[in-house]
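**Q** The structure's right below; bear with me while I get my questions together.
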Amino acid sequence: MTIEELFYLHNQTIFKYLYYLLNDEKLAEDFTQETFARYLKYQQTIKEDAELAWLRSTARNLAYDHYRRKRLIQFVPFLNVHEELEPTSPHQWLIQQEDAKTLYLAISRLKLTYRDVIILRKIEGLSIQETCDVLGWNEGKVKNTLKRALVALKKQLGGEFDEEQ
């Protein structure tokens with residue numbers, strides 16, 4: 001696969017992932033570009049069919065490095081399934097906005113590893129194996145961290161969170 005094909009196939013995925021982590025559109029665009037520039041530099045060392053995992057890992061490392069440099073820990077609001085539903089009234093829209101705000105605030109209080117695994121598994125919808133590839137963890141660690149992250153999120157929300165959503 002050429003770099004152009006890879007870029008057109010995965011650039012939106014990488015951008016979205018970075019946007020979730022950074023909550024900054026310009027920075028997400030810059031880091032998406034940097035991710036693909038690094039791919040171009042290291043493509044000879046990347047295993048075939050592991051390109052997307054490599055791209056996500058590289059994007060994640062860029063975001064983490066940014067946070068380390070800035071000593072800034074914040075969470076990026078993500079598009080919740082409930083937000084995709086069109087509200088039927090202004091009142092319903094306000095309720096959805098308030099629910100989303102509450103959820104984002106609760107997630108922002110979680111530690112970074114919890115945020116990461118929630119983004120990859122629950123928001124991006126990656127499989128356990130794909131999440132393992134991105135994070136460099138084993139299957140047990142992904143499962144346990146996700147379980148703990150969901151418990152912590154539920155606690156942050158005062159028990160109002162249904163993890164099946």
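Labels for the structure tokens follow display order: chains A, B, ..., residues from 1 in each chain, ligands from 1.
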Please list as a list in words every residue within 10 Å of A:Leu6, counting only C-alpha atoms and excluding residues in the same chain fewer than 6 positions away.

**A** Phe36, Tyr39, Glu51 and Leu52 of chain A

**Q** Between A:Lys154, A:Phe31, A:Asp65, A:Tyr17, which one has atoms that come closest to A:Arg121, using only C-alpha atoms?

**A**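 Nearest to A:Arg121: A:Tyr17.
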
**Q** In Å to one decimal, how far is atom CA of A:Ile119 from atom CA of A:Tyr20?

**A**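 Interatomic distance here is 7.5 Å.
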
**Q** Determine, counting only C-alpha atoms, which protein, DNA and RNA residues have an atom within 10 Å of an atom of A:Arg115; residues of the same chain fewer than 3 positions away are not included. Present the result as an MDAnalysis selection string.

**A** chainID A and resid 20:21 74:76 107:112 118:120 145:146 149:150 153

**Q** Name the residues in contact with A:Tyr19 at a cut-off of 8 Å, using only C-alpha atoms, excluding same-chain residues fewer than 5 positions from it; report them as a PyMOL selection string.

**A** chain A and resi 24-25+27-28+76

**Q** Could the residues in this selection be written to a file with N, CA, C and O atoms, as a short mmCIF file (atom, residue, chain, number, x, y, z; two decimals), in the first residue's frame?

**A**
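Output file again.cif follows:
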data_model
loop_
_atom_site.label_atom_id
_atom_site.label_comp_id
_atom_site.auth_asym_id
_atom_site.auth_seq_id
_atom_site.Cartn_x
_atom_site.Cartn_y
_atom_site.Cartn_z
N ASP A 24 -8.24 19.83 20.66
CA ASP A 24 -7.70 20.98 19.95
C ASP A 24 -7.57 20.60 18.48
O ASP A 24 -6.72 19.78 18.11
N GLU A 25 -8.41 21.20 17.65
CA GLU A 25 -8.47 20.82 16.24
C GLU A 25 -7.14 21.07 15.52
O GLU A 25 -6.65 20.22 14.78
N LEU A 27 -4.09 21.36 16.76
CA LEU A 27 -3.06 20.46 17.26
C LEU A 27 -3.29 19.04 16.73
O LEU A 27 -2.32 18.37 16.35
N ALA A 28 -4.54 18.63 16.68
CA ALA A 28 -4.86 17.29 16.14
C ALA A 28 -4.45 17.21 14.67
O ALA A 28 -3.91 16.19 14.23
N VAL A 76 -10.55 15.23 26.39
CA VAL A 76 -11.21 15.77 25.24
C VAL A 76 -12.64 15.26 25.19
O VAL A 76 -12.87 14.07 25.28
#

**Q** Looking at only C-alpha atoms, which of A:Ile128, A:Tyr114, A:Val134, A:Lys122 is the one that sits closest to A:Ala59?

**A** A:Val134
